[in-house]
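Everything below concerns the one structure shown next.
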Amino acid sequence: MEAYLDNSATTPVCPEAIKAINQTLTECWGNPSSLHYGGIEAADMVGEARHAIARKLSCADDEIVFTSGGTEANNLAVFGAANAYRAKGTRIILSSVEHPSVNEPARQLEMQGYDVVRIRCDKFGRLDERQLMASITPSTALVSIMAVNNEVGTIQPVEKIRMAVKKANSRALIHCDAVQAFGKMPLKPYSMGVDLMTISSHKIHGPKGVGALFIKKGTRIVSRTFGGGQEHGIRPGTEPVPAIAGFGAAAAALPDINYQLKKTAELRDYLLFRLRELDGVVINSPEDALPYVTNISVLGFPSEVLLNFLSEMNIYVSGGSACSKGHKSRVLASMNLDTQRINSALRISISRYTTKAEIDYLIEGIASAQKSIMRRL
C-alpha cells in the first residue's frame, strides 16, 4: 500500500489537467503570440485557462498574470511593489512565518535600506494583530501576509489589513500569498481588500512550473523581466501553453469549495482521533487550522529518522516546508516551540483524493516506527 500525505509540497495531477496538457502538446502547440491560426488557437487556450482561474477568484480575466510558479509570483509582488512605491515609503511588513519566497526577497530589500518589520506570532502561528496595526505607518509601501501557513495550516486575518492601512492613512499595497489556500477555502481578493495575490498550479492538482499573480486593476508594480509584451509586459516571455492549460483545467475541475472543506475537515478529525491513540504525539497546528494541513511532533524521534522509516513503507509526509531543504523550521521556532518538538515535527497534508485507509496506514507506520526505532536506541 502507499499513502501520499505530502500534498502541501505538491499534488498528483488530475485527469482533467493531463487531458488539457496532452491536447496542447499534440494538437494546439503553436506560439500564442503568432498571428496565424495555430497561434490564435494556442492564445485561445491560454485565454480559457485565465478565465477559469479568474472565475475562482471572482476577478477580471486581465487581472491574472501567469508566472513560472508561486515563488516567482511572490518575488514579483514583493520587489515589484517595493520598487513602485519607494518614493512614497520604504517600510515593508510581513509576518515572521512567511514562506521563504516572501521572506528572502524582503531580506534582500532590507540590505538595500528598506525598513522591514516582521510581525511576531503566537504559539499557534497566528500573527499578533496589535503589532501589525501599530506597525503600519504612512511610509509603509507593502504589507505581505500569507492566507494559510504552509507548515501548520494557520489561517491569518488578511481581511483586517485593509482597515489598518486606511486607519494609518497609508497607501501601502497589500499582498497575500494564497498558494496553500487557493482551491481549498473561499478566496475573493476584492472582498478581502487585497491588491496582489499569489496562487500556484501544482497545489491544486495541476502541473508544476506555472502559477499566477492577481494584480488588482489600477495597481502598479515594477516588472523584473524585460524583452516582450506578454502578460501585459509584467511577465514577458513565450507563455508555456501546456502548463497554463493544465492549470486552467485543474482550476475548473475544483469541486465546490465549501462542500470539499467540510469533507476534508471530517477526514482531518479522523486523523486527529487516530493520532490520539499514539503515545508521545503532540499536535502543533491550531484547532481552527485549514484542515488540509496538520503538523505534529512525535516526541523523542528525530523527523529525518521518522521520514526515512515511513518512506520505506511507502508513506510520504514532510518534516515541514518542502522549500526549507531540511533546515530547522523557522515557522515552528517563531511559534516558540521547544527544540524537542521542532526536531521531531512532521507535516501531514491531505487532498480531496486522500482516503481513511491512507490515514490508517500512516498511524500504523508511526506506531511501527516508534517500536522499531526505540529498540535501536
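Every chain in the C-alpha cells has a letter given in the order shown (A, B, ...), and although residue numbers restart at 1 in each chain, ligands are simply numbered from 1 in the order shown.
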Pull the alpha helix (DSSP H) assignments for region 283-354 of chain A out of DSSP run on the backbone, and list those residues as a PDB file with N, CA, C and O atoms, in the first residue's frame.
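selection-v6.pdb was written with the following content:
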ATOM      1  N   SER A 303      12.810  13.972  13.169  1.00  0.00           N
ATOM      2  CA  SER A 303      11.976  13.999  11.960  1.00  0.00           C
ATOM      3  C   SER A 303      12.587  13.197  10.820  1.00  0.00           C
ATOM      4  O   SER A 303      11.909  12.410  10.155  1.00  0.00           O
ATOM      5  N   GLU A 304      13.885  13.389  10.588  1.00  0.00           N
ATOM      6  CA  GLU A 304      14.530  12.737   9.452  1.00  0.00           C
ATOM      7  C   GLU A 304      14.492  11.220   9.579  1.00  0.00           C
ATOM      8  O   GLU A 304      14.270  10.509   8.597  1.00  0.00           O
ATOM      9  N   VAL A 305      14.682  10.736  10.801  1.00  0.00           N
ATOM     10  CA  VAL A 305      14.649   9.288  11.027  1.00  0.00           C
ATOM     11  C   VAL A 305      13.249   8.753  10.747  1.00  0.00           C
ATOM     12  O   VAL A 305      13.072   7.721  10.078  1.00  0.00           O
ATOM     13  N   LEU A 306      12.233   9.460  11.253  1.00  0.00           N
ATOM     14  CA  LEU A 306      10.853   9.038  11.022  1.00  0.00           C
ATOM     15  C   LEU A 306      10.490   9.092   9.543  1.00  0.00           C
ATOM     16  O   LEU A 306       9.848   8.180   9.017  1.00  0.00           O
ATOM     17  N   LEU A 307      10.902  10.161   8.875  1.00  0.00           N
ATOM     18  CA  LEU A 307      10.598  10.304   7.458  1.00  0.00           C
ATOM     19  C   LEU A 307      11.172   9.151   6.649  1.00  0.00           C
ATOM     20  O   LEU A 307      10.514   8.590   5.770  1.00  0.00           O
ATOM     21  N   ASN A 308      12.407   8.787   6.939  1.00  0.00           N
ATOM     22  CA  ASN A 308      13.049   7.688   6.224  1.00  0.00           C
ATOM     23  C   ASN A 308      12.352   6.362   6.497  1.00  0.00           C
ATOM     24  O   ASN A 308      12.157   5.544   5.589  1.00  0.00           O
ATOM     25  N   PHE A 309      11.981   6.137   7.754  1.00  0.00           N
ATOM     26  CA  PHE A 309      11.296   4.892   8.123  1.00  0.00           C
ATOM     27  C   PHE A 309       9.960   4.802   7.396  1.00  0.00           C
ATOM     28  O   PHE A 309       9.629   3.767   6.795  1.00  0.00           O
ATOM     29  N   LEU A 310       9.189   5.907   7.456  1.00  0.00           N
ATOM     30  CA  LEU A 310       7.872   5.906   6.812  1.00  0.00           C
ATOM     31  C   LEU A 310       7.995   5.779   5.299  1.00  0.00           C
ATOM     32  O   LEU A 310       7.190   5.103   4.658  1.00  0.00           O
ATOM     33  N   SER A 311       9.008   6.407   4.739  1.00  0.00           N
ATOM     34  CA  SER A 311       9.205   6.347   3.291  1.00  0.00           C
ATOM     35  C   SER A 311       9.443   4.916   2.823  1.00  0.00           C
ATOM     36  O   SER A 311       8.992   4.507   1.745  1.00  0.00           O
ATOM     37  N   GLU A 312      10.155   4.137   3.645  1.00  0.00           N
ATOM     38  CA  GLU A 312      10.404   2.735   3.313  1.00  0.00           C
ATOM     39  C   GLU A 312       9.111   1.931   3.290  1.00  0.00           C
ATOM     40  O   GLU A 312       9.031   0.880   2.649  1.00  0.00           O
ATOM     41  N   ARG A 330      11.749  27.562  10.597  1.00  0.00           N
ATOM     42  CA  ARG A 330      11.642  28.940  11.086  1.00  0.00           C
ATOM     43  C   ARG A 330      10.232  29.204  11.621  1.00  0.00           C
ATOM     44  O   ARG A 330      10.038  29.984  12.544  1.00  0.00           O
ATOM     45  N   VAL A 331       9.244  28.527  11.036  1.00  0.00           N
ATOM     46  CA  VAL A 331       7.853  28.701  11.473  1.00  0.00           C
ATOM     47  C   VAL A 331       7.673  28.187  12.895  1.00  0.00           C
ATOM     48  O   VAL A 331       7.149  28.884  13.770  1.00  0.00           O
ATOM     49  N   LEU A 332       8.112  26.962  13.149  1.00  0.00           N
ATOM     50  CA  LEU A 332       7.949  26.384  14.490  1.00  0.00           C
ATOM     51  C   LEU A 332       8.787  27.131  15.520  1.00  0.00           C
ATOM     52  O   LEU A 332       8.381  27.275  16.681  1.00  0.00           O
ATOM     53  N   ALA A 333       9.945  27.627  15.112  1.00  0.00           N
ATOM     54  CA  ALA A 333      10.768  28.426  16.020  1.00  0.00           C
ATOM     55  C   ALA A 333      10.059  29.737  16.359  1.00  0.00           C
ATOM     56  O   ALA A 333      10.091  30.195  17.506  1.00  0.00           O
ATOM     57  N   SER A 334       9.396  30.350  15.374  1.00  0.00           N
ATOM     58  CA  SER A 334       8.651  31.589  15.604  1.00  0.00           C
ATOM     59  C   SER A 334       7.468  31.363  16.526  1.00  0.00           C
ATOM     60  O   SER A 334       7.010  32.285  17.197  1.00  0.00           O
ATOM     61  N   THR A 339      12.837  22.849  21.417  1.00  0.00           N
ATOM     62  CA  THR A 339      13.691  22.193  20.428  1.00  0.00           C
ATOM     63  C   THR A 339      13.260  20.761  20.157  1.00  0.00           C
ATOM     64  O   THR A 339      13.304  20.297  19.013  1.00  0.00           O
ATOM     65  N   GLN A 340      12.822  20.066  21.197  1.00  0.00           N
ATOM     66  CA  GLN A 340      12.410  18.673  21.014  1.00  0.00           C
ATOM     67  C   GLN A 340      11.226  18.577  20.053  1.00  0.00           C
ATOM     68  O   GLN A 340      11.206  17.721  19.156  1.00  0.00           O
ATOM     69  N   ARG A 341      10.253  19.453  20.200  1.00  0.00           N
ATOM     70  CA  ARG A 341       9.083  19.426  19.315  1.00  0.00           C
ATOM     71  C   ARG A 341       9.462  19.821  17.883  1.00  0.00           C
ATOM     72  O   ARG A 341       8.984  19.226  16.920  1.00  0.00           O
ATOM     73  N   ILE A 342      10.345  20.785  17.764  1.00  0.00           N
ATOM     74  CA  ILE A 342      10.770  21.217  16.426  1.00  0.00           C
ATOM     75  C   ILE A 342      11.524  20.105  15.711  1.00  0.00           C
ATOM     76  O   ILE A 342      11.289  19.827  14.529  1.00  0.00           O
ATOM     77  N   ASN A 343      12.413  19.455  16.434  1.00  0.00           N
ATOM     78  CA  ASN A 343      13.254  18.417  15.823  1.00  0.00           C
ATOM     79  C   ASN A 343      12.496  17.139  15.496  1.00  0.00           C
ATOM     80  O   ASN A 343      12.994  16.289  14.747  1.00  0.00           O
TER      81      ASN A 343
END
Please report, as a tab-separated table, each residue of region 192-298 of chain A lying at most 6 Å from region 171-183 of chain A, together with the nearest pair of atoms and the separation in Å rounded to one decimal; use only C-alpha atoms, and order rows by chain and ascending residue number.
residue	atom	partner	partner_atom	distance
A:Val194	CA	A:Ile174	CA	5.3
A:Asp195	CA	A:Ile174	CA	5.3
A:Leu196	CA	A:His175	CA	4.5
A:Met197	CA	A:Cys176	CA	4.8
A:Thr198	CA	A:Asp177	CA	4.8
A:Ile199	CA	A:Val179	CA	4.5
A:Ser200	CA	A:Val179	CA	5.4
key: Picked from region 13-87 of chain A by DSSP as strand (DSSP E), as a PyMOL selection string   = chain A and resi 64-67
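The space between CA of Asn295 (chain A) and CA of Glu151 (chain A) spans 6.7 Å.
Residue nearest Val78 (chain A) within the list A:Ser297, A:Thr90, A:Asn169, A:Ser144: A:Ser144 [criterion: smallest interatomic distance, only C-alpha atoms].
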remark   = Asp288 (chain A) proximity check over A:Thr219, A:Ser372, A:Asn258, A:Thr154, using only C-alpha atoms: winner is A:Thr154
Using only C-alpha atoms, what table do you get, as JSON lines, when you list each residue of region 111-230 of chain A with an atom no more than 9 Å from region 3-23 of chain A, its nearest pair of atoms, and their distance in Å rounded to one decimal, rows by chain then rising number?
{"residue": "A:Asn150", "atom": "CA", "partner": "A:Ser8", "partner_atom": "CA", "distance": 6.8}
{"residue": "A:Glu151", "atom": "CA", "partner": "A:Ser8", "partner_atom": "CA", "distance": 8.2}
{"residue": "A:Gln180", "atom": "CA", "partner": "A:Ser8", "partner_atom": "CA", "distance": 6.9}
{"residue": "A:His202", "atom": "CA", "partner": "A:Thr10", "partner_atom": "CA", "distance": 5.6}
{"residue": "A:Lys203", "atom": "CA", "partner": "A:Thr10", "partner_atom": "CA", "distance": 5.3}
{"residue": "A:Ile204", "atom": "CA", "partner": "A:Thr11", "partner_atom": "CA", "distance": 6.5}
{"residue": "A:His205", "atom": "CA", "partner": "A:Val13", "partner_atom": "CA", "distance": 4.4}
{"residue": "A:Gly206", "atom": "CA", "partner": "A:Val13", "partner_atom": "CA", "distance": 5.1}
{"residue": "A:Pro207", "atom": "CA", "partner": "A:Val13", "partner_atom": "CA", "distance": 6.2}
{"residue": "A:Lys208", "atom": "CA", "partner": "A:Thr10", "partner_atom": "CA", "distance": 8.3}
